[in-house]
>>> print(open('data_34.txt').read())   # compact mmCIF, C-alpha atoms and all ligand atoms
# COMPACT_ATOMS: atom_id res chain seq x y z
CA MET V 1 -84.67 -43.09 -4.93
CA ASP V 2 -81.42 -41.92 -6.48
CA VAL V 3 -80.12 -44.35 -9.10
CA ASP V 4 -76.67 -44.06 -7.57
CA THR V 5 -77.82 -45.26 -4.16
CA VAL V 6 -75.82 -48.22 -2.99
CA GLU V 7 -76.47 -50.76 -0.25
CA ASP V 8 -73.27 -50.16 1.72
CA HIS V 9 -74.01 -47.58 4.44
CA SER V 10 -70.44 -47.25 5.72
CA GLY V 11 -69.67 -44.31 3.41
CA PRO V 12 -71.29 -41.78 1.07
CA THR V 13 -74.36 -43.43 -0.43
CA THR V 14 -74.80 -41.23 -3.50
CA THR V 15 -72.51 -39.68 -6.07
CA LEU V 16 -73.62 -36.25 -4.89
CA GLU V 17 -72.63 -36.98 -1.28
CA LYS V 18 -69.29 -38.25 -2.46
CA GLN V 19 -68.76 -35.11 -4.56
CA MET V 20 -69.65 -32.90 -1.62
CA LEU V 21 -67.15 -34.68 0.60
CA VAL V 22 -64.41 -34.51 -2.04
CA GLN V 23 -65.11 -30.80 -2.51
CA TRP V 24 -64.97 -30.14 1.21
CA CYS V 25 -61.61 -31.99 1.45
CA MET V 26 -60.27 -29.99 -1.49
CA SER V 27 -61.21 -26.66 0.05
CA ALA V 28 -60.10 -27.59 3.57
CA GLN V 29 -56.77 -29.22 2.50
CA PHE V 30 -55.62 -29.91 6.08
CA PHE V 31 -57.91 -30.78 8.98
CA SER V 32 -58.29 -32.74 12.19
CA GLU V 33 -60.21 -35.99 12.43
CA THR V 34 -62.84 -34.14 14.50
CA GLU V 35 -63.42 -31.61 11.71
CA LEU V 36 -63.59 -34.45 9.21
CA GLN V 37 -66.14 -36.32 11.30
CA ASN V 38 -68.25 -33.19 11.72
CA ASN V 39 -68.35 -32.69 7.96
CA ILE V 40 -69.10 -36.34 7.28
CA LYS V 41 -72.05 -35.98 9.66
CA ARG V 42 -73.14 -32.71 8.03
CA ILE V 43 -73.08 -34.17 4.53
CA LEU V 44 -74.18 -37.77 5.15
CA GLY V 45 -76.65 -37.04 7.94
CA ASP V 46 -76.99 -38.29 11.49
CA GLY V 47 -78.06 -41.76 10.41
CA HIS V 48 -74.66 -42.41 8.89
CA GLN V 49 -72.92 -45.36 10.57
CA GLY V 50 -69.44 -45.70 9.07
CA THR V 51 -66.16 -44.54 10.56
CA ALA V 52 -64.07 -41.71 9.11
CA MET V 53 -61.63 -44.35 7.87
CA GLU V 54 -64.37 -46.18 5.95
CA VAL V 55 -65.42 -42.92 4.31
CA ILE V 56 -61.83 -42.09 3.37
CA ASP V 57 -61.35 -45.56 1.87
CA GLN V 58 -64.22 -44.70 -0.45
CA LEU V 59 -62.97 -41.22 -1.31
CA ASN V 60 -59.36 -42.10 -2.08
CA PRO V 61 -60.05 -44.00 -5.35
CA THR V 62 -61.90 -40.88 -6.65
CA LEU V 63 -59.12 -38.55 -5.51
CA GLU V 64 -56.52 -40.83 -7.12
CA LYS V 65 -57.85 -39.83 -10.55
CA PHE V 66 -56.62 -36.29 -9.80
CA SER V 67 -53.30 -37.57 -8.38
CA LEU V 68 -54.55 -36.67 -4.90
CA ALA V 69 -54.92 -38.71 -1.74
CA LEU V 70 -55.99 -38.20 1.85
CA ARG V 71 -53.18 -39.12 4.24
CA SER V 72 -52.95 -38.76 7.99
CA SER V 73 -50.54 -38.67 10.85
CA MET V 74 -51.04 -38.66 14.57
CA SER V 75 -50.43 -35.64 16.77
CA GLN V 76 -47.30 -36.64 18.69
CA THR V 77 -48.66 -35.23 21.93
CA SER V 78 -52.45 -35.70 21.85
CA GLY V 79 -52.73 -38.75 19.60
CA GLU V 80 -55.41 -37.13 17.44
CA GLN V 81 -55.25 -37.95 13.73
CA TRP V 82 -54.71 -35.05 11.32
CA TRP V 83 -55.49 -35.35 7.65
CA ALA V 84 -54.12 -33.61 4.60
CA LEU V 85 -55.03 -33.79 0.96
CA ILE V 86 -51.72 -34.50 -0.68
CA SER V 87 -50.53 -34.62 -4.25
CA THR V 88 -49.41 -38.19 -4.97
CA ASN V 89 -46.96 -37.10 -7.65
CA ALA V 90 -45.38 -34.49 -5.38
CA ASP V 91 -41.64 -34.44 -5.18
CA GLY V 92 -40.46 -32.53 -2.16
CA ILE V 93 -41.77 -29.23 -0.93
CA SER V 94 -42.36 -27.45 -4.27
CA MET V 95 -45.21 -29.62 -5.52
CA THR V 96 -46.77 -30.25 -2.16
CA ALA V 97 -46.99 -26.65 -0.95
CA SER V 98 -47.99 -25.34 -4.35
CA ALA V 99 -50.16 -22.55 -2.95
CA TYR V 100 -47.02 -20.43 -2.45
CA THR V 101 -44.90 -18.36 -4.81
CA ALA V 102 -41.38 -19.53 -5.71
CA MET V 103 -39.94 -16.97 -3.27
CA GLU V 104 -42.20 -18.16 -0.45
CA LEU V 105 -41.36 -21.80 -1.19
CA GLY V 106 -37.65 -20.98 -0.99
CA ILE V 107 -38.19 -19.45 2.44
CA LEU V 108 -40.34 -22.39 3.61
CA ARG V 109 -37.65 -24.83 2.47
CA GLN V 110 -35.00 -22.83 4.34
CA LEU V 111 -37.05 -22.70 7.56
CA ILE V 112 -37.92 -26.41 7.45
CA GLU V 113 -34.21 -27.15 7.07
CA SER V 114 -33.23 -24.86 9.96
CA VAL V 115 -35.81 -26.38 12.27
CA PHE V 116 -35.19 -29.99 11.27
CA THR V 117 -31.38 -29.75 11.50
CA GLU V 118 -31.32 -27.54 14.60
CA PRO V 119 -28.07 -28.56 16.39
CA LEU V 120 -29.54 -29.42 19.81
CA GLY V 121 -31.83 -31.99 18.20
CA ASN V 122 -35.02 -30.38 19.52
CA TYR V 123 -36.49 -29.39 16.14
CA VAL V 124 -37.15 -25.91 17.53
CA ILE V 125 -35.83 -22.49 16.58
CA GLY V 126 -36.74 -19.11 18.06
CA LEU V 127 -39.26 -16.95 16.21
CA HIS V 128 -36.58 -14.22 15.97
CA GLN V 129 -34.26 -16.60 14.15
CA ALA V 130 -37.04 -17.73 11.80
CA VAL V 131 -37.95 -14.13 10.95
CA ARG V 132 -34.30 -13.16 10.46
CA GLU V 133 -33.72 -16.10 8.10
CA ALA V 134 -36.92 -15.36 6.18
CA THR V 135 -35.90 -11.68 5.82
CA GLU V 136 -32.44 -12.61 4.57
CA LYS V 137 -33.77 -15.21 2.15
CA GLY V 138 -36.40 -12.87 0.71
CA PRO V 139 -35.89 -10.12 -1.89
CA SER V 140 -34.04 -6.97 -0.80
CA SER V 141 -37.34 -5.10 -0.47
CA PHE V 142 -38.70 -7.76 1.91
CA SER V 143 -39.38 -6.16 5.28
CA ARG V 144 -39.07 -7.84 8.67
CA ARG V 145 -42.78 -7.36 9.10
CA GLU V 146 -43.54 -9.16 5.82
CA ALA V 147 -41.14 -11.93 6.81
CA GLN V 148 -42.89 -12.37 10.15
CA ASP V 149 -46.32 -12.46 8.44
CA LEU V 150 -45.03 -15.18 6.11
CA VAL V 151 -43.67 -17.26 9.00
CA MET V 152 -47.06 -16.96 10.72
CA LEU V 153 -48.81 -17.99 7.48
CA PHE V 154 -46.65 -21.15 7.31
CA CYS V 155 -47.70 -21.85 10.92
CA ARG V 156 -51.41 -21.28 10.19
CA ASP V 157 -51.16 -23.57 7.14
CA GLY V 158 -49.65 -26.30 9.33
CA TRP V 159 -46.19 -26.53 7.74
CA LEU V 160 -44.63 -25.06 10.84
CA ALA V 161 -46.07 -24.61 14.31
CA ILE V 162 -45.56 -21.88 16.86
CA ASP V 163 -45.60 -22.38 20.60
CA ASP V 164 -46.04 -19.62 23.17
CA GLY V 165 -45.61 -17.05 20.38
CA ARG V 166 -41.83 -17.57 20.48
CA TRP V 167 -40.78 -21.03 19.35
CA VAL V 168 -41.11 -22.38 15.83
CA THR V 169 -41.16 -26.10 15.21
CA ILE V 170 -42.28 -28.64 12.61
CA GLY V 171 -46.01 -28.49 11.88
CA GLN V 172 -48.47 -31.36 11.72
CA ARG V 173 -48.95 -30.93 7.99
CA ALA V 174 -45.21 -31.29 7.38
CA CYS V 175 -45.32 -34.52 9.41
CA ILE V 176 -47.97 -35.86 7.01
CA GLU V 177 -46.73 -34.53 3.70
CA LEU V 178 -42.99 -34.09 4.06
CA GLN V 179 -41.91 -37.26 5.84
CA GLN V 180 -40.42 -38.77 2.67
CA TYR V 181 -38.81 -35.45 1.70
CA LEU V 182 -37.22 -35.12 5.16
CA GLU V 183 -36.02 -38.74 5.12
CA ASP V 184 -34.38 -38.18 1.73
CA ALA V 185 -32.94 -34.73 2.45
CA TYR V 186 -31.84 -35.09 6.09
CA PRO V 187 -31.64 -38.82 6.89
CA GLU V 188 -29.27 -38.30 9.82
CA PHE V 189 -31.81 -36.05 11.57
CA VAL V 190 -34.83 -38.35 11.23
CA ARG V 191 -36.02 -40.08 14.39
CA THR V 192 -38.71 -42.73 14.40
CA CYS V 193 -40.93 -43.63 17.34
CA GLY V 194 -40.23 -47.22 18.39
CA LEU V 195 -43.91 -47.73 19.23
CA CYS V 196 -45.97 -46.31 16.36
CA LYS V 197 -43.11 -46.16 13.79
CA GLN V 198 -43.98 -42.60 12.75
CA MET V 199 -41.50 -39.74 12.61
CA ALA V 200 -40.76 -38.22 16.00
CA THR V 201 -39.83 -34.57 16.48
CA THR V 202 -40.70 -34.61 20.17
CA GLY V 203 -40.59 -37.30 22.83
CA LEU V 204 -38.16 -39.29 24.93
CA MET V 205 -34.95 -41.02 23.90
CA CYS V 206 -33.97 -44.15 25.80
CA GLY V 207 -30.64 -43.62 27.57
CA GLY V 208 -29.88 -47.34 27.16
CA CYS V 209 -30.46 -48.16 23.53
CA GLY V 210 -31.27 -44.80 21.89
CA ALA V 211 -34.84 -45.77 20.89
CA PHE V 212 -37.34 -42.90 20.58
CA ALA V 213 -40.94 -42.63 21.70
CA HIS V 214 -43.56 -39.90 21.25
CA PRO V 215 -45.04 -38.25 24.37
CA TYR V 216 -48.45 -39.70 23.43
CA CYS V 217 -46.99 -43.18 22.91
CA VAL V 218 -45.00 -42.99 26.17
CA ASP V 219 -48.26 -42.32 28.00
CA ARG V 220 -49.56 -45.56 26.56
CA LEU V 221 -46.53 -47.60 27.63
CA LYS V 222 -46.84 -50.17 30.33
CA PHE V 223 -45.56 -48.54 33.46
CA ASN V 224 -43.00 -50.47 35.48
CA ALA V 225 -42.98 -50.86 39.29
CA THR V 226 -41.38 -47.43 39.89
CA GLY V 227 -44.15 -45.69 37.99
CA ALA V 228 -41.83 -44.65 35.17
CA PRO V 229 -42.36 -45.91 31.64
CA SER V 230 -39.83 -48.42 30.33
CA CYS V 231 -38.25 -48.52 26.87
CA PRO V 232 -40.20 -50.55 24.30
CA GLU V 233 -36.91 -51.96 22.98
CA CYS V 234 -34.62 -52.63 25.96
CA ARG V 235 -36.99 -52.18 28.95
CA GLN V 236 -34.70 -49.63 30.60
CA GLN V 237 -36.56 -46.89 32.47
CA LEU V 238 -37.27 -43.81 30.38
CA ASN V 239 -36.52 -40.49 32.08
CA ASN V 240 -37.89 -37.05 31.45
CA SER V 241 -34.29 -35.82 31.42
CA ASP V 242 -33.97 -37.71 28.12
CA ALA V 243 -36.70 -35.63 26.48
CA PHE V 244 -36.21 -33.87 23.16
CA GLY V 245 -38.28 -31.48 21.12
CA PRO V 246 -40.33 -28.53 22.28
CA GLY V 247 -41.03 -28.87 25.97
CA LYS V 248 -43.44 -26.96 28.16
CA SER V 249 -44.67 -23.81 26.35
CA GLY V 250 -42.42 -24.77 23.44
CA ILE V 251 -39.20 -24.09 25.33
CA PRO V 252 -36.70 -26.49 23.78
CA HIS V 253 -34.91 -28.99 25.96
CA SER V 254 -31.37 -27.95 26.72
CA ALA V 255 -29.53 -31.27 26.56
CA LYS V 256 -28.14 -32.40 23.25
CA LEU V 257 -29.32 -35.92 22.60
CA ASP V 258 -27.56 -38.11 20.13
CA SER V 259 -26.56 -41.71 19.79
CA THR V 260 -23.11 -41.08 21.31
CA GLN V 261 -24.66 -39.78 24.50
CA ALA V 262 -26.86 -42.85 24.65
CA GLN V 263 -23.76 -45.02 25.02
CA ASP V 264 -22.28 -43.04 27.95
ZN ZN E 1 -45.27 -42.97 18.49
ZN ZN E 2 -34.01 -48.71 25.23
>>> encode(input="data_34.txt", output="structure tokens", more="lines below")
Ligand SMILES: [Zn+2]
Ligand SMILES: [Zn+2]
Amino acid sequence: MDVDTVEDHSGPTTTLEKQMLVQWCMSAQFFSETELQNNIKRILGDGHQGTAMEVIDQLNPTLEKFSLALRSSMSQTSGEQWWALISTNADGISMTASAYTAMELGILRQLIESVFTEPLGNYVIGLHQAVREATEKGPSSFSRREAQDLVMLFCRDGWLAIDDGRWVTIGQRACIELQQYLEDAYPEFVRTCGLCKQMATTGLMCGGCGAFAHPYCVDRLKFNATGAPSCPECRQQLNNSDAFGPGKSGIPHSAKLDSTQAQD
């Protein structure tokens, strides 16, 4: 028996298993809870009993020594947890997305700003706009094709997301890693779900009190007699006409939602 074997079976039982899990997290960087669970099973074996959360609680103290931590946020539409290995001494985008060159980081910062401060409040811009901005922000030799490839790379890496091949919005990884950065840089554009208290870039806004709720959280609301969900704050009925963010196939909602409209 391995000298490192411990009695607690809720997490990795040997130093080697722990190392293997840490290494997998370091190479994967950003992954869904399903992928995490599959890898926990692969490394710890079928007999393993603990939850993903119990395993992560055991990995985080090790990661902390490298100024790293596993953090998660929920998909706003499906409710699935997504995890990212983040740098705990990161300040803003530069440290967090350190896999990119300075030029690429400048473009990522520009695109995140354009999406997050998009005037209709949907957190969506067209792919054409994203590519144009990336081309303009890049060096003079930067072609449109290279700009488009870079935008797609940001989407694949989870910083941005693309819907229906046409609409660019905030990615799940940005929701995990950049929440503090976005709150500091663009406080007036930050919306928080009244139910789960996480940042909301898609969902419904209550016409009565201006509270926000994620699509996933709305689905979990108690439905009132009319079959429509009611606001968690003021109980007024929530309407689909008060939706914001990317809608069906990513097409942004047309109405501008802000707190002034909520008082009409
Ligand atoms: Zn929520
Ligand atoms: Zn309300």
>>> residues_near_ligand(input="data_34.txt", ligand="ligand ZN 1 (chain E)", cutoff="12 Å", atoms="only C-alpha atoms and all ligand atoms", output="PDB file with C-alpha atoms, keeping the file's coordinate frame")
ATOM      1  CA  SER V  73     -50.540 -38.670  10.850  1.00  0.00           C
ATOM      2  CA  MET V  74     -51.040 -38.660  14.570  1.00  0.00           C
ATOM      3  CA  SER V  75     -50.430 -35.640  16.770  1.00  0.00           C
ATOM      4  CA  GLN V  76     -47.300 -36.640  18.690  1.00  0.00           C
ATOM      5  CA  THR V  77     -48.660 -35.230  21.930  1.00  0.00           C
ATOM      6  CA  SER V  78     -52.450 -35.700  21.850  1.00  0.00           C
ATOM      7  CA  GLY V  79     -52.730 -38.750  19.600  1.00  0.00           C
ATOM      8  CA  GLU V  80     -55.410 -37.130  17.440  1.00  0.00           C
ATOM      9  CA  ARG V 191     -36.020 -40.080  14.390  1.00  0.00           C
ATOM     10  CA  THR V 192     -38.710 -42.730  14.400  1.00  0.00           C
ATOM     11  CA  CYS V 193     -40.930 -43.630  17.340  1.00  0.00           C
ATOM     12  CA  GLY V 194     -40.230 -47.220  18.390  1.00  0.00           C
ATOM     13  CA  LEU V 195     -43.910 -47.730  19.230  1.00  0.00           C
ATOM     14  CA  CYS V 196     -45.970 -46.310  16.360  1.00  0.00           C
ATOM     15  CA  LYS V 197     -43.110 -46.160  13.790  1.00  0.00           C
ATOM     16  CA  GLN V 198     -43.980 -42.600  12.750  1.00  0.00           C
ATOM     17  CA  MET V 199     -41.500 -39.740  12.610  1.00  0.00           C
ATOM     18  CA  ALA V 200     -40.760 -38.220  16.000  1.00  0.00           C
ATOM     19  CA  THR V 201     -39.830 -34.570  16.480  1.00  0.00           C
ATOM     20  CA  THR V 202     -40.700 -34.610  20.170  1.00  0.00           C
ATOM     21  CA  GLY V 203     -40.590 -37.300  22.830  1.00  0.00           C
ATOM     22  CA  LEU V 204     -38.160 -39.290  24.930  1.00  0.00           C
ATOM     23  CA  MET V 205     -34.950 -41.020  23.900  1.00  0.00           C
ATOM     24  CA  ALA V 211     -34.840 -45.770  20.890  1.00  0.00           C
ATOM     25  CA  PHE V 212     -37.340 -42.900  20.580  1.00  0.00           C
ATOM     26  CA  ALA V 213     -40.940 -42.630  21.700  1.00  0.00           C
ATOM     27  CA  HIS V 214     -43.560 -39.900  21.250  1.00  0.00           C
ATOM     28  CA  PRO V 215     -45.040 -38.250  24.370  1.00  0.00           C
ATOM     29  CA  TYR V 216     -48.450 -39.700  23.430  1.00  0.00           C
ATOM     30  CA  CYS V 217     -46.990 -43.180  22.910  1.00  0.00           C
ATOM     31  CA  VAL V 218     -45.000 -42.990  26.170  1.00  0.00           C
ATOM     32  CA  ASP V 219     -48.260 -42.320  28.000  1.00  0.00           C
ATOM     33  CA  ARG V 220     -49.560 -45.560  26.560  1.00  0.00           C
ATOM     34  CA  LEU V 221     -46.530 -47.600  27.630  1.00  0.00           C
ATOM     35  CA  PRO V 232     -40.200 -50.550  24.300  1.00  0.00           C
TER      36      PRO V 232
END
>>> atom_distance(input="data_34.txt", atom1="atom CA of V:Leu182", atom2="atom CA of V:Phe116")
8.2 Å
>>> residues_near_ligand(input="data_34.txt", ligand="ligand ZN 2 (chain E)", cutoff="10 Å", atoms="all atoms listed in the file", output="PyMOL selection string")
chain V and resi 194+205-213+230-238+262
>>> atom_distance(input="data_34.txt", atom1="atom CA of V:Ser141", atom2="atom CA of V:Leu105")
17.2 Å
>>> residues_around(input="data_34.txt", residues="V:Gln172", least_positions_apart="3", cutoff="8 Å", atoms="all atoms listed in the file", output="PDB file with C-alpha atoms, in the coordinates of the input")
ATOM      1  CA  SER V  73     -50.540 -38.670  10.850  1.00  0.00           C
ATOM      2  CA  SER V  75     -50.430 -35.640  16.770  1.00  0.00           C
ATOM      3  CA  TRP V  82     -54.710 -35.050  11.320  1.00  0.00           C
ATOM      4  CA  GLY V 158     -49.650 -26.300   9.330  1.00  0.00           C
ATOM      5  CA  TRP V 159     -46.190 -26.530   7.740  1.00  0.00           C
ATOM      6  CA  LEU V 160     -44.630 -25.060  10.840  1.00  0.00           C
ATOM      7  CA  ALA V 161     -46.070 -24.610  14.310  1.00  0.00           C
ATOM      8  CA  CYS V 175     -45.320 -34.520   9.410  1.00  0.00           C
ATOM      9  CA  ILE V 176     -47.970 -35.860   7.010  1.00  0.00           C
TER      10      ILE V 176
END
>>> closest_residue(input="data_34.txt", among="V:Leu68, V:Ile40, V:Met53, V:Ile162", to="V:Gln81", atoms="all atoms listed in the file")
V:Met53
>>> residues_around(input="data_34.txt", residues="V:Ser114", least_positions_apart="2", cutoff="10 Å", atoms="all atoms listed in the file", output="MDAnalysis selection string")
chainID V and resid 108:112 116:119 123:125 129:130 133 169
>>> atom_distance(input="data_34.txt", atom1="atom CA of V:Gly138", atom2="atom CA of V:Arg166")
21.0 Å
>>> residues_near_point(input="data_34.txt", point="(-62.3, -32.7, 10.2)", cutoff="12 Å", atoms="only C-alpha atoms", output="short mmCIF file (atom, residue, chain, number, x, y, z; two decimals) with C-alpha atoms, keeping the file's coordinate frame")
data_model
loop_
_atom_site.label_atom_id
_atom_site.label_comp_id
_atom_site.auth_asym_id
_atom_site.auth_seq_id
_atom_site.Cartn_x
_atom_site.Cartn_y
_atom_site.Cartn_z
CA LEU V 21 -67.15 -34.68 0.60
CA TRP V 24 -64.97 -30.14 1.21
CA CYS V 25 -61.61 -31.99 1.45
CA SER V 27 -61.21 -26.66 0.05
CA ALA V 28 -60.10 -27.59 3.57
CA GLN V 29 -56.77 -29.22 2.50
CA PHE V 30 -55.62 -29.91 6.08
CA PHE V 31 -57.91 -30.78 8.98
CA SER V 32 -58.29 -32.74 12.19
CA GLU V 33 -60.21 -35.99 12.43
CA THR V 34 -62.84 -34.14 14.50
CA GLU V 35 -63.42 -31.61 11.71
CA LEU V 36 -63.59 -34.45 9.21
CA GLN V 37 -66.14 -36.32 11.30
CA ASN V 38 -68.25 -33.19 11.72
CA ASN V 39 -68.35 -32.69 7.96
CA ILE V 40 -69.10 -36.34 7.28
CA LYS V 41 -72.05 -35.98 9.66
CA ARG V 42 -73.14 -32.71 8.03
CA ALA V 52 -64.07 -41.71 9.11
CA MET V 53 -61.63 -44.35 7.87
CA ILE V 56 -61.83 -42.09 3.37
CA LEU V 70 -55.99 -38.20 1.85
CA SER V 72 -52.95 -38.76 7.99
CA GLU V 80 -55.41 -37.13 17.44
CA GLN V 81 -55.25 -37.95 13.73
CA TRP V 82 -54.71 -35.05 11.32
CA TRP V 83 -55.49 -35.35 7.65
CA ALA V 84 -54.12 -33.61 4.60
CA LEU V 85 -55.03 -33.79 0.96
#
>>> closest_residue(input="data_34.txt", among="V:Met20, V:Leu127, V:Val190, V:Val115", to="V:Asp149", atoms="only C-alpha atoms")
V:Leu127
>>> closest_residue(input="data_34.txt", among="V:Asp184, V:Asn122, V:Arg144, V:Asn89", to="V:Gly247", atoms="all atoms listed in the file")
V:Asn122
